[in-house]
Structure formats: C-alpha cells, structure tokens
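Printed here is run24.pdb (PDB, C-alpha atoms, pLDDT in the B column):
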```pdb
ATOM      1  CA  SER A   1       0.000   0.000   0.000  1.00 48.00           C
ATOM      2  CA  THR A   2       1.044   3.591  -0.598  1.00 46.00           C
ATOM      3  CA  ARG A   3       0.753   6.310   2.010  1.00 52.00           C
ATOM      4  CA  VAL A   4       0.695   9.808   0.555  1.00 50.00           C
ATOM      5  CA  PHE A   5       1.879  12.501   2.953  1.00 50.00           C
ATOM      6  CA  GLY A   6       0.970  15.433   0.749  1.00 50.00           C
ATOM      7  CA  SER A   7       1.555  17.418  -2.392  1.00 53.00           C
ATOM      8  CA  LEU A   8       4.649  19.471  -3.089  1.00 58.00           C
ATOM      9  CA  SER A   9       4.843  22.559  -5.214  1.00 56.00           C
ATOM     10  CA  PRO A  10       7.792  24.965  -5.483  1.00 53.00           C
ATOM     11  CA  ARG A  11       6.740  28.577  -5.793  1.00 50.00           C
ATOM     12  CA  SER A  12       8.546  31.893  -5.682  1.00 43.00           C
ATOM     13  CA  SER A  13       7.321  35.254  -4.485  1.00 41.00           C
ATOM     14  CA  ARG A  14       8.540  38.715  -5.433  1.00 42.00           C
ATOM     15  CA  SER A  15      10.365  38.891  -2.097  1.00 39.00           C
ATOM     16  CA  GLY A  16      12.627  36.021  -3.158  1.00 39.00           C
ATOM     17  CA  THR A  17      11.057  33.470  -0.837  1.00 33.00           C
ATOM     18  CA  THR A  18      10.655  29.901  -2.075  1.00 33.00           C
ATOM     19  CA  PHE A  19       7.662  28.013  -0.721  1.00 34.00           C
ATOM     20  CA  PHE A  20       6.534  24.432  -0.751  1.00 38.00           C
ATOM     21  CA  TYR A  21       3.362  22.939   0.607  1.00 39.00           C
ATOM     22  CA  LEU A  22       3.313  19.601   2.361  1.00 39.00           C
ATOM     23  CA  ARG A  23       0.425  17.916   4.146  1.00 36.00           C
ATOM     24  CA  ALA A  24      -1.367  21.187   4.808  1.00 28.00           C
ATOM     25  CA  LEU A  25       1.770  22.676   6.360  1.00 28.00           C
ATOM     26  CA  HIS A  26       3.414  25.774   4.931  1.00 28.00           C
ATOM     27  CA  PHE A  27       7.192  25.966   4.850  1.00 28.00           C
ATOM     28  CA  SER A  28       9.204  28.899   3.553  1.00 27.00           C
ATOM     29  CA  VAL A  29      12.931  29.296   3.081  1.00 27.00           C
ATOM     30  CA  ARG A  30      14.568  32.522   1.953  1.00 28.00           C
ATOM     31  CA  ARG A  31      17.112  31.668  -0.688  1.00 27.00           C
ATOM     32  CA  SER A  32      19.615  34.066   0.881  1.00 25.00           C
ATOM     33  CA  SER A  33      19.369  32.498   4.334  1.00 27.00           C
ATOM     34  CA  PHE A  34      20.580  28.904   3.831  1.00 27.00           C
ATOM     35  CA  SER A  35      22.935  28.218   6.728  1.00 31.00           C
ATOM     36  CA  PRO A  36      26.460  27.029   5.901  1.00 29.00           C
ATOM     37  CA  LEU A  37      25.806  24.301   8.463  1.00 37.00           C
ATOM     38  CA  SER A  38      22.936  22.861   6.412  1.00 42.00           C
ATOM     39  CA  MET A  39      23.837  19.593   4.728  1.00 57.00           C
ATOM     40  CA  LYS A  40      23.921  20.177   0.968  1.00 69.00           C
ATOM     41  CA  ILE A  41      23.527  17.032  -1.102  1.00 82.00           C
ATOM     42  CA  HIS A  42      23.480  17.461  -4.860  1.00 86.00           C
ATOM     43  CA  LEU A  43      20.313  15.675  -5.964  1.00 92.00           C
ATOM     44  CA  THR A  44      19.709  13.957  -9.286  1.00 93.00           C
ATOM     45  CA  TYR A  45      17.005  11.587 -10.452  1.00 95.00           C
ATOM     46  CA  ASP A  46      19.464   8.738  -9.838  1.00 94.00           C
ATOM     47  CA  PHE A  47      19.770   9.649  -6.140  1.00 93.00           C
ATOM     48  CA  ARG A  48      19.022   6.784  -3.737  1.00 93.00           C
ATOM     49  CA  ILE A  49      19.233   6.168  -0.013  1.00 94.00           C
ATOM     50  CA  ASN A  50      19.345   2.549   1.058  1.00 95.00           C
ATOM     51  CA  THR A  51      20.327   2.196   4.711  1.00 94.00           C
ATOM     52  CA  ASP A  52      19.159   0.043   7.598  1.00 92.00           C
ATOM     53  CA  LEU A  53      16.614   2.653   8.655  1.00 94.00           C
ATOM     54  CA  LEU A  54      15.620   4.352   5.419  1.00 95.00           C
ATOM     55  CA  GLN A  55      15.009   3.611   1.768  1.00 96.00           C
ATOM     56  CA  LEU A  56      14.319   6.647  -0.399  1.00 96.00           C
ATOM     57  CA  ARG A  57      14.310   7.437  -4.101  1.00 95.00           C
ATOM     58  CA  ILE A  58      13.431  10.351  -6.360  1.00 95.00           C
ATOM     59  CA  GLU A  59      11.296   9.861  -9.452  1.00 94.00           C
ATOM     60  CA  ARG A  60      10.032  12.000 -12.294  1.00 94.00           C
ATOM     61  CA  GLY A  61       6.373  12.925 -12.080  1.00 93.00           C
ATOM     62  CA  THR A  62       3.684  13.612 -14.654  1.00 93.00           C
ATOM     63  CA  GLN A  63       1.621  16.095 -12.635  1.00 91.00           C
ATOM     64  CA  PRO A  64       2.228  19.836 -12.024  1.00 89.00           C
ATOM     65  CA  THR A  65       2.731  19.163  -8.310  1.00 88.00           C
ATOM     66  CA  GLY A  66       4.925  16.573  -6.661  1.00 87.00           C
ATOM     67  CA  LEU A  67       4.222  14.023  -3.951  1.00 89.00           C
ATOM     68  CA  LEU A  68       6.011  12.744  -0.895  1.00 88.00           C
ATOM     69  CA  SER A  69       4.680   9.224  -0.398  1.00 90.00           C
ATOM     70  CA  ARG A  70       5.610   5.971   1.223  1.00 86.00           C
ATOM     71  CA  LYS A  71       5.426   2.491  -0.230  1.00 80.00           C
ATOM     72  CA  GLY A  72       6.119   0.026   2.545  1.00 74.00           C
ATOM     73  CA  LYS A  73       9.512   0.966   3.987  1.00 75.00           C
ATOM     74  CA  GLU A  74      10.421   3.163   1.033  1.00 89.00           C
ATOM     75  CA  PHE A  75       9.880   6.906   0.817  1.00 92.00           C
ATOM     76  CA  VAL A  76       9.299   8.152  -2.724  1.00 93.00           C
ATOM     77  CA  VAL A  77       9.725  11.788  -3.733  1.00 92.00           C
ATOM     78  CA  THR A  78       7.818  12.301  -6.983  1.00 93.00           C
ATOM     79  CA  MET A  79       8.928  15.551  -8.556  1.00 93.00           C
ATOM     80  CA  PRO A  80       6.595  17.863 -10.514  1.00 92.00           C
ATOM     81  CA  ALA A  81       6.533  17.197 -14.248  1.00 93.00           C
ATOM     82  CA  GLY A  82       9.440  18.742 -16.115  1.00 93.00           C
ATOM     83  CA  LEU A  83      11.295  19.848 -12.992  1.00 93.00           C
ATOM     84  CA  ARG A  84      14.965  20.370 -13.882  1.00 94.00           C
ATOM     85  CA  LEU A  85      17.153  19.594 -10.896  1.00 94.00           C
ATOM     86  CA  GLU A  86      20.056  21.338 -12.671  1.00 92.00           C
ATOM     87  CA  ASP A  87      18.351  24.659 -11.915  1.00 93.00           C
ATOM     88  CA  PRO A  88      19.872  25.970  -8.620  1.00 91.00           C
ATOM     89  CA  ARG A  89      16.488  27.137  -7.325  1.00 90.00           C
ATOM     90  CA  ASN A  90      14.886  23.754  -8.015  1.00 90.00           C
ATOM     91  CA  GLN A  91      17.899  22.036  -6.448  1.00 90.00           C
ATOM     92  CA  ALA A  92      17.516  24.066  -3.250  1.00 88.00           C
ATOM     93  CA  TRP A  93      13.805  23.253  -3.121  1.00 88.00           C
ATOM     94  CA  ALA A  94      14.407  19.532  -3.713  1.00 90.00           C
ATOM     95  CA  GLN A  95      16.969  19.482  -0.907  1.00 88.00           C
ATOM     96  CA  ARG A  96      14.356  20.995   1.392  1.00 89.00           C
ATOM     97  CA  VAL A  97      11.927  18.233   0.454  1.00 90.00           C
ATOM     98  CA  LEU A  98      14.615  15.618   1.103  1.00 92.00           C
ATOM     99  CA  THR A  99      15.294  17.155   4.506  1.00 92.00           C
ATOM    100  CA  GLU A 100      11.590  16.920   5.363  1.00 92.00           C
ATOM    101  CA  ALA A 101      11.515  13.223   4.390  1.00 92.00           C
ATOM    102  CA  LEU A 102      14.583  12.538   6.540  1.00 94.00           C
ATOM    103  CA  ARG A 103      13.022  14.442   9.433  1.00 95.00           C
ATOM    104  CA  ARG A 104       9.832  12.417   9.264  1.00 93.00           C
ATOM    105  CA  ARG A 105      11.689   9.106   9.269  1.00 95.00           C
ATOM    106  CA  ALA A 106      14.117  10.206  11.993  1.00 96.00           C
ATOM    107  CA  LYS A 107      11.219  11.181  14.259  1.00 97.00           C
ATOM    108  CA  GLU A 108       9.744   7.723  13.728  1.00 95.00           C
ATOM    109  CA  VAL A 109      12.802   5.646  14.540  1.00 96.00           C
ATOM    110  CA  LEU A 110      15.277   7.597  16.690  1.00 98.00           C
ATOM    111  CA  PRO A 111      13.201   8.475  19.796  1.00 98.00           C
ATOM    112  CA  PRO A 112      12.174   4.811  20.324  1.00 98.00           C
ATOM    113  CA  ILE A 113      15.820   3.737  20.104  1.00 98.00           C
ATOM    114  CA  VAL A 114      16.811   6.309  22.723  1.00 98.00           C
ATOM    115  CA  HIS A 115      13.917   5.248  24.954  1.00 98.00           C
ATOM    116  CA  GLU A 116      14.708   1.539  24.720  1.00 98.00           C
ATOM    117  CA  GLU A 117      18.447   1.907  25.270  1.00 98.00           C
ATOM    118  CA  ALA A 118      18.073   4.390  28.133  1.00 98.00           C
ATOM    119  CA  ALA A 119      15.670   2.009  29.861  1.00 98.00           C
ATOM    120  CA  ARG A 120      18.048  -0.908  29.299  1.00 97.00           C
ATOM    121  CA  PHE A 121      20.896   0.965  31.005  1.00 97.00           C
ATOM    122  CA  GLY A 122      18.728   2.475  33.750  1.00 97.00           C
ATOM    123  CA  LEU A 123      19.211   6.049  32.539  1.00 97.00           C
ATOM    124  CA  ARG A 124      16.740   8.912  32.596  1.00 96.00           C
ATOM    125  CA  TYR A 125      16.617  11.698  30.016  1.00 97.00           C
ATOM    126  CA  ASN A 126      14.214  14.548  29.433  1.00 97.00           C
ATOM    127  CA  ARG A 127      13.283  14.765  25.730  1.00 97.00           C
ATOM    128  CA  VAL A 128      14.578  13.777  22.307  1.00 98.00           C
ATOM    129  CA  TYR A 129      14.837  16.461  19.620  1.00 98.00           C
ATOM    130  CA  ILE A 130      15.484  15.809  15.924  1.00 98.00           C
ATOM    131  CA  LYS A 131      17.407  18.659  14.298  1.00 95.00           C
ATOM    132  CA  ASP A 132      18.799  19.588  10.893  1.00 92.00           C
ATOM    133  CA  VAL A 133      22.478  20.030  11.767  1.00 88.00           C
ATOM    134  CA  LYS A 134      25.663  18.704  10.246  1.00 78.00           C
ATOM    135  CA  SER A 135      28.137  20.228  12.674  1.00 83.00           C
ATOM    136  CA  ARG A 136      27.508  17.303  15.008  1.00 89.00           C
ATOM    137  CA  TRP A 137      25.555  14.046  14.884  1.00 95.00           C
ATOM    138  CA  GLY A 138      24.129  14.519  18.347  1.00 95.00           C
ATOM    139  CA  SER A 139      24.401  16.364  21.634  1.00 95.00           C
ATOM    140  CA  CYS A 140      23.156  16.180  25.196  1.00 96.00           C
ATOM    141  CA  SER A 141      22.144  19.269  27.150  1.00 95.00           C
ATOM    142  CA  SER A 142      22.558  19.909  30.855  1.00 94.00           C
ATOM    143  CA  LEU A 143      18.767  19.553  31.104  1.00 95.00           C
ATOM    144  CA  GLY A 144      18.999  15.959  29.904  1.00 96.00           C
ATOM    145  CA  ASN A 145      17.700  16.633  26.402  1.00 97.00           C
ATOM    146  CA  ILE A 146      19.090  14.391  23.659  1.00 97.00           C
ATOM    147  CA  ASN A 147      19.506  16.174  20.309  1.00 97.00           C
ATOM    148  CA  LEU A 148      20.030  14.012  17.220  1.00 97.00           C
ATOM    149  CA  SER A 149      20.727  15.027  13.641  1.00 95.00           C
ATOM    150  CA  LEU A 150      18.177  13.929  11.070  1.00 96.00           C
ATOM    151  CA  TRP A 151      21.157  13.134   8.801  1.00 94.00           C
ATOM    152  CA  LEU A 152      21.746  10.023  10.906  1.00 95.00           C
ATOM    153  CA  MET A 153      19.246   8.436   8.513  1.00 95.00           C
ATOM    154  CA  LEU A 154      22.148   8.171   6.065  1.00 94.00           C
ATOM    155  CA  ALA A 155      24.292   6.198   8.520  1.00 95.00           C
ATOM    156  CA  PRO A 156      24.534   2.432   9.042  1.00 96.00           C
ATOM    157  CA  ILE A 157      22.716   1.068  12.064  1.00 97.00           C
ATOM    158  CA  ASP A 158      25.828   0.441  14.174  1.00 97.00           C
ATOM    159  CA  LEU A 159      26.801   4.104  13.910  1.00 97.00           C
ATOM    160  CA  VAL A 160      23.264   5.246  14.711  1.00 97.00           C
ATOM    161  CA  TYR A 161      23.407   3.246  17.928  1.00 98.00           C
ATOM    162  CA  TYR A 162      26.888   4.551  18.644  1.00 97.00           C
ATOM    163  CA  VAL A 163      25.655   8.163  18.509  1.00 97.00           C
ATOM    164  CA  VAL A 164      22.759   7.262  20.815  1.00 98.00           C
ATOM    165  CA  TYR A 165      25.130   5.577  23.280  1.00 98.00           C
ATOM    166  CA  HIS A 166      27.531   8.523  23.040  1.00 97.00           C
ATOM    167  CA  GLU A 167      24.809  10.963  24.040  1.00 97.00           C
ATOM    168  CA  LEU A 168      23.414   8.678  26.754  1.00 98.00           C
ATOM    169  CA  ALA A 169      26.901   8.541  28.270  1.00 97.00           C
ATOM    170  CA  HIS A 170      26.802  12.336  28.506  1.00 97.00           C
ATOM    171  CA  LEU A 171      23.896  12.037  30.935  1.00 97.00           C
ATOM    172  CA  ASN A 172      26.502  10.929  33.473  1.00 95.00           C
ATOM    173  CA  GLU A 173      29.634  12.544  32.088  1.00 95.00           C
ATOM    174  CA  MET A 174      29.244  15.946  30.387  1.00 94.00           C
ATOM    175  CA  ASN A 175      32.746  15.804  28.906  1.00 94.00           C
ATOM    176  CA  HIS A 176      35.006  13.526  26.854  1.00 95.00           C
ATOM    177  CA  SER A 177      37.228  12.415  29.691  1.00 96.00           C
ATOM    178  CA  ALA A 178      38.502   8.895  30.329  1.00 97.00           C
ATOM    179  CA  ARG A 179      35.467   8.370  32.558  1.00 97.00           C
ATOM    180  CA  PHE A 180      33.175   9.282  29.641  1.00 97.00           C
ATOM    181  CA  TRP A 181      34.802   6.769  27.282  1.00 97.00           C
ATOM    182  CA  ALA A 182      34.706   4.128  30.010  1.00 98.00           C
ATOM    183  CA  GLN A 183      30.945   4.743  30.238  1.00 97.00           C
ATOM    184  CA  VAL A 184      30.508   4.252  26.476  1.00 98.00           C
ATOM    185  CA  ASP A 185      32.620   1.083  26.586  1.00 98.00           C
ATOM    186  CA  ALA A 186      30.506  -0.202  29.479  1.00 98.00           C
ATOM    187  CA  PHE A 187      27.392   0.070  27.306  1.00 98.00           C
ATOM    188  CA  TYR A 188      29.065  -2.219  24.769  1.00 97.00           C
ATOM    189  CA  GLY A 189      30.786  -4.432  27.306  1.00 97.00           C
ATOM    190  CA  GLU A 190      34.003  -4.063  25.316  1.00 97.00           C
ATOM    191  CA  PRO A 191      36.987  -1.865  26.238  1.00 97.00           C
ATOM    192  CA  GLY A 192      37.976   0.553  23.487  1.00 97.00           C
ATOM    193  CA  ARG A 193      34.764   0.075  21.520  1.00 98.00           C
ATOM    194  CA  GLY A 194      33.686   3.709  21.912  1.00 97.00           C
ATOM    195  CA  LYS A 195      36.805   5.272  20.409  1.00 96.00           C
ATOM    196  CA  PHE A 196      36.836   2.667  17.642  1.00 97.00           C
ATOM    197  CA  LEU A 197      33.318   3.650  16.616  1.00 97.00           C
ATOM    198  CA  GLU A 198      34.160   7.349  16.963  1.00 96.00           C
ATOM    199  CA  SER A 199      36.902   6.858  14.352  1.00 96.00           C
ATOM    200  CA  LYS A 200      34.512   4.871  12.171  1.00 96.00           C
ATOM    201  CA  MET A 201      31.948   7.666  12.374  1.00 95.00           C
ATOM    202  CA  LYS A 202      34.507  10.266  11.314  1.00 92.00           C
ATOM    203  CA  ALA A 203      35.494   8.107   8.333  1.00 93.00           C
ATOM    204  CA  PHE A 204      31.823   7.712   7.410  1.00 92.00           C
ATOM    205  CA  ALA A 205      31.295  11.498   7.510  1.00 89.00           C
ATOM    206  CA  LEU A 206      34.248  12.054   5.164  1.00 88.00           C
ATOM    207  CA  ASP A 207      32.941   9.404   2.779  1.00 88.00           C
ATOM    208  CA  LEU A 208      29.511  11.042   2.849  1.00 85.00           C
ATOM    209  CA  GLN A 209      31.035  14.349   1.815  1.00 82.00           C
ATOM    210  CA  ARG A 210      32.944  12.732  -1.053  1.00 82.00           C
ATOM    211  CA  ARG A 211      29.875  10.924  -2.362  1.00 80.00           C
ATOM    212  CA  TYR A 212      27.157  13.530  -2.018  1.00 73.00           C
ATOM    213  CA  MET A 213      28.686  16.973  -1.646  1.00 67.00           C
ATOM    214  CA  PRO A 214      30.710  17.965  -4.700  1.00 58.00           C
TER     215      PRO A 214
END
```

Encoding of this model in structure tokens:
Amino acid sequence: STRVFGSLSPRSSRSGTTFFYLRALHFSVRRSSFSPLSMKIHLTYDFRINTDLLQLRIERGTQPTGLLSRKGKEFVVTMPAGLRLEDPRNQAWAQRVLTEALRRRAKEVLPPIVHEEAARFGLRYNRVYIKDVKSRWGSCSSLGNINLSLWLMLAPIDLVYYVVYHELAHLNEMNHSARFWAQVDAFYGEPGRGKFLESKMKAFALDLQRRYMP
C-alpha cells in the first residue's frame, strides 16, 4: 500500500522566498538564508538512499505538483513534471523536500531507540529532539535533552546506535574524559569500543562528503 503525505509545489514570491506545501503545512525558506551548516547534497534523479533505517528514491512525475509518499519501507519523492534539478532554485527546493523526508523518518525511529536503550541501562533523560544540523551528529544538554541530527538516517545502524550511546553517556559525564569513554565502553561491554566507533563515524562522515557533496 502507498501512504501519501501530501503534495509538493515549489513557488517563488517577489520577495525572493521559495515556498513548498506539504500535508497542509506551509514551509518557507529565503534563498539568501541557507545556513552554511545545512547539509547540501546534490540531488539527481538517480539519487538513492538505502540504509538500515531508510530507503528513499526520487522519481520523475507527470503532474504539475509533486508528492512525498511511502510504499512500505520506502519513501518516494515524486517531482513535478518537467522539474529540472540542474536549476539551482529547483535544487535548493528539492533538498528541502529531502530534509523533510529525513526528518519524518528520523522522528519515527530515533526516539524509540533512545527510549529503549536508556531504559536498558537504567538512565533517565528529558526529551529527544530531531534537528537539521551537520556540525555534530548529536548532543546532550545539561537539562537531559538528547539532540540528534536527522542526517543520521544516512548512517549504518551500528553508527546510529553509537551516537545514541555517546549521548546517553553524557547524561553521566558531560565531557570527553577517560570516565566518559569508560561509560561508552561499558554500554558495549568491550573496552575501546567507543573510540573505535568514533573513528569509524569520522570516516563515514568524510565518505559522505565525497559521495554527495561535490
């Protein structure tokens, strides 16, 4: 079965604001205000995501508006007919749509993982927030809030869990001291596992930049 989240339609106003409409929600992004911290992936019609937590593809549409839909575990972004992704304005709009799809999936899968793992280790946190940041994969506030990047949907499952464990360890140790790394290792029951996965995550981030961010 197919679940349709809503129609998508890029529009521009005289003020230089690009809009798209999705499931009765109105989003606007000023073209001059894209943050340098926003993940910029160059999208083409061949673009695919196929990870443990997300399958997503982009397809050409035949209607004047696009659709963000879901077929089983796969998200499908159907672009408006004739939309040229080579156009910088269309590219920026398509990236915004991709970000929304990642956000939706991240909100589905990441909070339950945090909840289950925190309960397993007897830890208490306040809330889980999903954010569009690339400067870090996650963070933990002094209030006990766990912040996770929606771009974790591009990562393999072992690295997703590593980021969750990393932030859960910060509930006890708000630093990166030896005690912090010992806490991460204790979650895995394996000395040195935390720093090994930290290195693996850094290598993954570099590979992501090479593949998707020309």

Do a neighbour search on stretch 196-211 of chain A at 8 Å with only C-alpha atoms, toss out local chain neighbours closer than 5 positions, and write the hits as a list of chain:residue names.
->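 Surrounding residues, per the criterion: A:Ala155, A:Leu159, A:Tyr162.
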
Which is closer to A:Leu85 than all the others in A:Asp46, A:Glu108, A:Glu173, A:Glu167, using all atoms listed in the file?
->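 The shortest atom-to-atom distance to A:Leu85 comes from A:Asp46.
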
Which distance in Å separates atom CA of A:Thr51 and atom CA of A:Pro156, to one decimal?
->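 Between atom CA of A:Thr51 and atom CA of A:Pro156 the gap is 6.0 Å.
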
Determine the residue membership of the PyMOL selection byres ((chain A and resi 132) around 7) for the file above and supply it as a list in words.
-> Ser38, Lys131, Val133, Lys134, Ser149 and Leu150 of chain A

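Here, the PyMOL selection byres ((chain A and resi 95) around 9) matches Met39, Lys40, Ile41, His42, Leu43, Asn90, Gln91, Ala92, Trp93, Ala94, Arg96, Val97, Leu98, Thr99 and Glu100 of chain A.
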
Could the residues in this selection be written to a file with C-alpha atoms, as a compact mmCIF listing (two decimals), in the frame of the given file?
```txt
# COMPACT_ATOMS: atom_id res chain seq x y z
CA MET A 39 23.84 19.59 4.73
CA LYS A 40 23.92 20.18 0.97
CA ILE A 41 23.53 17.03 -1.10
CA HIS A 42 23.48 17.46 -4.86
CA LEU A 43 20.31 15.68 -5.96
CA ASN A 90 14.89 23.75 -8.02
CA GLN A 91 17.90 22.04 -6.45
CA ALA A 92 17.52 24.07 -3.25
CA TRP A 93 13.80 23.25 -3.12
CA ALA A 94 14.41 19.53 -3.71
CA ARG A 96 14.36 21.00 1.39
CA VAL A 97 11.93 18.23 0.45
CA LEU A 98 14.62 15.62 1.10
CA THR A 99 15.29 17.16 4.51
CA GLU A 100 11.59 16.92 5.36
```

Would you kindly translate the PyMOL selection byres ((chain A and resi 78) around 8) into the concrete residues it picks from this file, as a count of residues only?
-> 12

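Interatomic distance, atom CA of A:Ala106 against atom CA of A:Arg120: 20.9 Å.
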
Name the residues in contact with A:Arg179 at a cut-off of 12 Å, using all atoms listed in the file, excluding same-chain residues fewer than 6 positions from it; report them as a ChimeraX atom specification.
-> /A:169-170,172-173,185-186,194

Size and centre in Å, one decimal, axis-aligned box, all listed stretch 131-137 of chain A atoms plus 8 Å per side, as JSON:
```
{"center_x": 22.8, "center_y": 17.1, "center_z": 12.6, "size_x": 26.7, "size_y": 22.2, "size_z": 20.8}
```

Go through A:Leu148, A:Leu168, A:Met174, A:Leu154 one by one, measure the shortest atom-to-atom distance of each to A:Asn50 using all atoms listed in the file, and give the residue with the smallest value.
-> A:Leu154

Can stretch 130-139 of chain A be brought up to all heavy atoms and written out as a PDB file, in the frame of the given file?
```pdb
ATOM      1  N   ILE A 130      14.885  16.107  17.229  1.00 98.00           N
ATOM      2  CA  ILE A 130      15.484  15.809  15.924  1.00 98.00           C
ATOM      3  C   ILE A 130      15.759  17.136  15.241  1.00 98.00           C
ATOM      4  O   ILE A 130      14.840  17.951  15.048  1.00 98.00           O
ATOM      5  CB  ILE A 130      14.550  14.951  15.053  1.00 98.00           C
ATOM      6  CG1 ILE A 130      14.128  13.686  15.810  1.00 98.00           C
ATOM      7  CG2 ILE A 130      15.222  14.615  13.732  1.00 98.00           C
ATOM      8  CD1 ILE A 130      15.281  12.797  16.227  1.00 98.00           C
ATOM      9  N   LYS A 131      17.023  17.367  14.856  1.00 95.00           N
ATOM     10  CA  LYS A 131      17.407  18.659  14.298  1.00 95.00           C
ATOM     11  C   LYS A 131      18.155  18.508  12.980  1.00 95.00           C
ATOM     12  O   LYS A 131      18.773  17.484  12.719  1.00 95.00           O
ATOM     13  CB  LYS A 131      18.275  19.415  15.310  1.00 95.00           C
ATOM     14  CG  LYS A 131      17.541  19.727  16.610  1.00 95.00           C
ATOM     15  CD  LYS A 131      18.350  20.603  17.534  1.00 95.00           C
ATOM     16  CE  LYS A 131      17.559  20.978  18.779  1.00 95.00           C
ATOM     17  NZ  LYS A 131      18.324  21.895  19.662  1.00 95.00           N
ATOM     18  N   ASP A 132      18.095  19.557  12.180  1.00 92.00           N
ATOM     19  CA  ASP A 132      18.799  19.588  10.893  1.00 92.00           C
ATOM     20  C   ASP A 132      20.148  20.268  11.106  1.00 92.00           C
ATOM     21  O   ASP A 132      20.290  21.469  10.891  1.00 92.00           O
ATOM     22  CB  ASP A 132      17.958  20.341   9.863  1.00 92.00           C
ATOM     23  CG  ASP A 132      18.673  20.489   8.521  1.00 92.00           C
ATOM     24  OD1 ASP A 132      19.672  19.774   8.304  1.00 92.00           O
ATOM     25  OD2 ASP A 132      18.236  21.320   7.703  1.00 92.00           O
ATOM     26  N   VAL A 133      21.127  19.509  11.570  1.00 88.00           N
ATOM     27  CA  VAL A 133      22.478  20.030  11.767  1.00 88.00           C
ATOM     28  C   VAL A 133      23.487  19.046  11.207  1.00 88.00           C
ATOM     29  O   VAL A 133      23.259  17.839  11.218  1.00 88.00           O
ATOM     30  CB  VAL A 133      22.793  20.289  13.260  1.00 88.00           C
ATOM     31  CG1 VAL A 133      21.937  21.407  13.806  1.00 88.00           C
ATOM     32  CG2 VAL A 133      22.591  19.027  14.083  1.00 88.00           C
ATOM     33  N   LYS A 134      24.589  19.574  10.693  1.00 78.00           N
ATOM     34  CA  LYS A 134      25.663  18.704  10.246  1.00 78.00           C
ATOM     35  C   LYS A 134      26.946  18.935  11.045  1.00 78.00           C
ATOM     36  O   LYS A 134      27.916  18.211  10.901  1.00 78.00           O
ATOM     37  CB  LYS A 134      25.944  18.868   8.759  1.00 78.00           C
ATOM     38  CG  LYS A 134      26.899  19.994   8.413  1.00 78.00           C
ATOM     39  CD  LYS A 134      27.480  19.811   7.025  1.00 78.00           C
ATOM     40  CE  LYS A 134      28.578  20.825   6.762  1.00 78.00           C
ATOM     41  NZ  LYS A 134      29.205  20.659   5.456  1.00 78.00           N
ATOM     42  N   SER A 135      26.940  19.948  11.892  1.00 83.00           N
ATOM     43  CA  SER A 135      28.137  20.228  12.674  1.00 83.00           C
ATOM     44  C   SER A 135      28.403  19.136  13.701  1.00 83.00           C
ATOM     45  O   SER A 135      29.533  18.948  14.143  1.00 83.00           O
ATOM     46  CB  SER A 135      28.011  21.581  13.370  1.00 83.00           C
ATOM     47  OG  SER A 135      26.850  21.615  14.182  1.00 83.00           O
ATOM     48  N   ARG A 136      27.358  18.425  14.094  1.00 89.00           N
ATOM     49  CA  ARG A 136      27.508  17.303  15.008  1.00 89.00           C
ATOM     50  C   ARG A 136      26.348  16.336  14.787  1.00 89.00           C
ATOM     51  O   ARG A 136      25.270  16.727  14.367  1.00 89.00           O
ATOM     52  CB  ARG A 136      27.544  17.782  16.461  1.00 89.00           C
ATOM     53  CG  ARG A 136      26.305  18.541  16.893  1.00 89.00           C
ATOM     54  CD  ARG A 136      26.437  19.064  18.318  1.00 89.00           C
ATOM     55  NE  ARG A 136      27.508  20.035  18.418  1.00 89.00           N
ATOM     56  CZ  ARG A 136      27.934  20.529  19.577  1.00 89.00           C
ATOM     57  NH1 ARG A 136      27.398  20.121  20.709  1.00 89.00           N
ATOM     58  NH2 ARG A 136      28.903  21.433  19.602  1.00 89.00           N
ATOM     59  N   TRP A 137      26.593  15.065  15.075  1.00 95.00           N
ATOM     60  CA  TRP A 137      25.555  14.046  14.884  1.00 95.00           C
ATOM     61  C   TRP A 137      24.561  14.038  16.039  1.00 95.00           C
ATOM     62  O   TRP A 137      23.422  13.621  15.880  1.00 95.00           O
ATOM     63  CB  TRP A 137      26.192  12.672  14.747  1.00 95.00           C
ATOM     64  CG  TRP A 137      27.035  12.510  13.537  1.00 95.00           C
ATOM     65  CD1 TRP A 137      28.400  12.515  13.473  1.00 95.00           C
ATOM     66  CD2 TRP A 137      26.582  12.342  12.194  1.00 95.00           C
ATOM     67  NE1 TRP A 137      28.817  12.356  12.178  1.00 95.00           N
ATOM     68  CE2 TRP A 137      27.720  12.243  11.361  1.00 95.00           C
ATOM     69  CE3 TRP A 137      25.317  12.261  11.595  1.00 95.00           C
ATOM     70  CZ2 TRP A 137      27.643  12.061   9.985  1.00 95.00           C
ATOM     71  CZ3 TRP A 137      25.234  12.075  10.219  1.00 95.00           C
ATOM     72  CH2 TRP A 137      26.381  11.989   9.433  1.00 95.00           C
ATOM     73  N   GLY A 138      25.011  14.494  17.198  1.00 95.00           N
ATOM     74  CA  GLY A 138      24.129  14.519  18.347  1.00 95.00           C
ATOM     75  C   GLY A 138      24.724  15.362  19.456  1.00 95.00           C
ATOM     76  O   GLY A 138      25.893  15.760  19.395  1.00 95.00           O
ATOM     77  N   SER A 139      23.929  15.636  20.464  1.00 95.00           N
ATOM     78  CA  SER A 139      24.401  16.364  21.634  1.00 95.00           C
ATOM     79  C   SER A 139      23.467  16.069  22.793  1.00 95.00           C
ATOM     80  O   SER A 139      22.346  15.584  22.608  1.00 95.00           O
ATOM     81  CB  SER A 139      24.467  17.878  21.364  1.00 95.00           C
ATOM     82  OG  SER A 139      23.171  18.388  21.102  1.00 95.00           O
TER      83      SER A 139
END
```
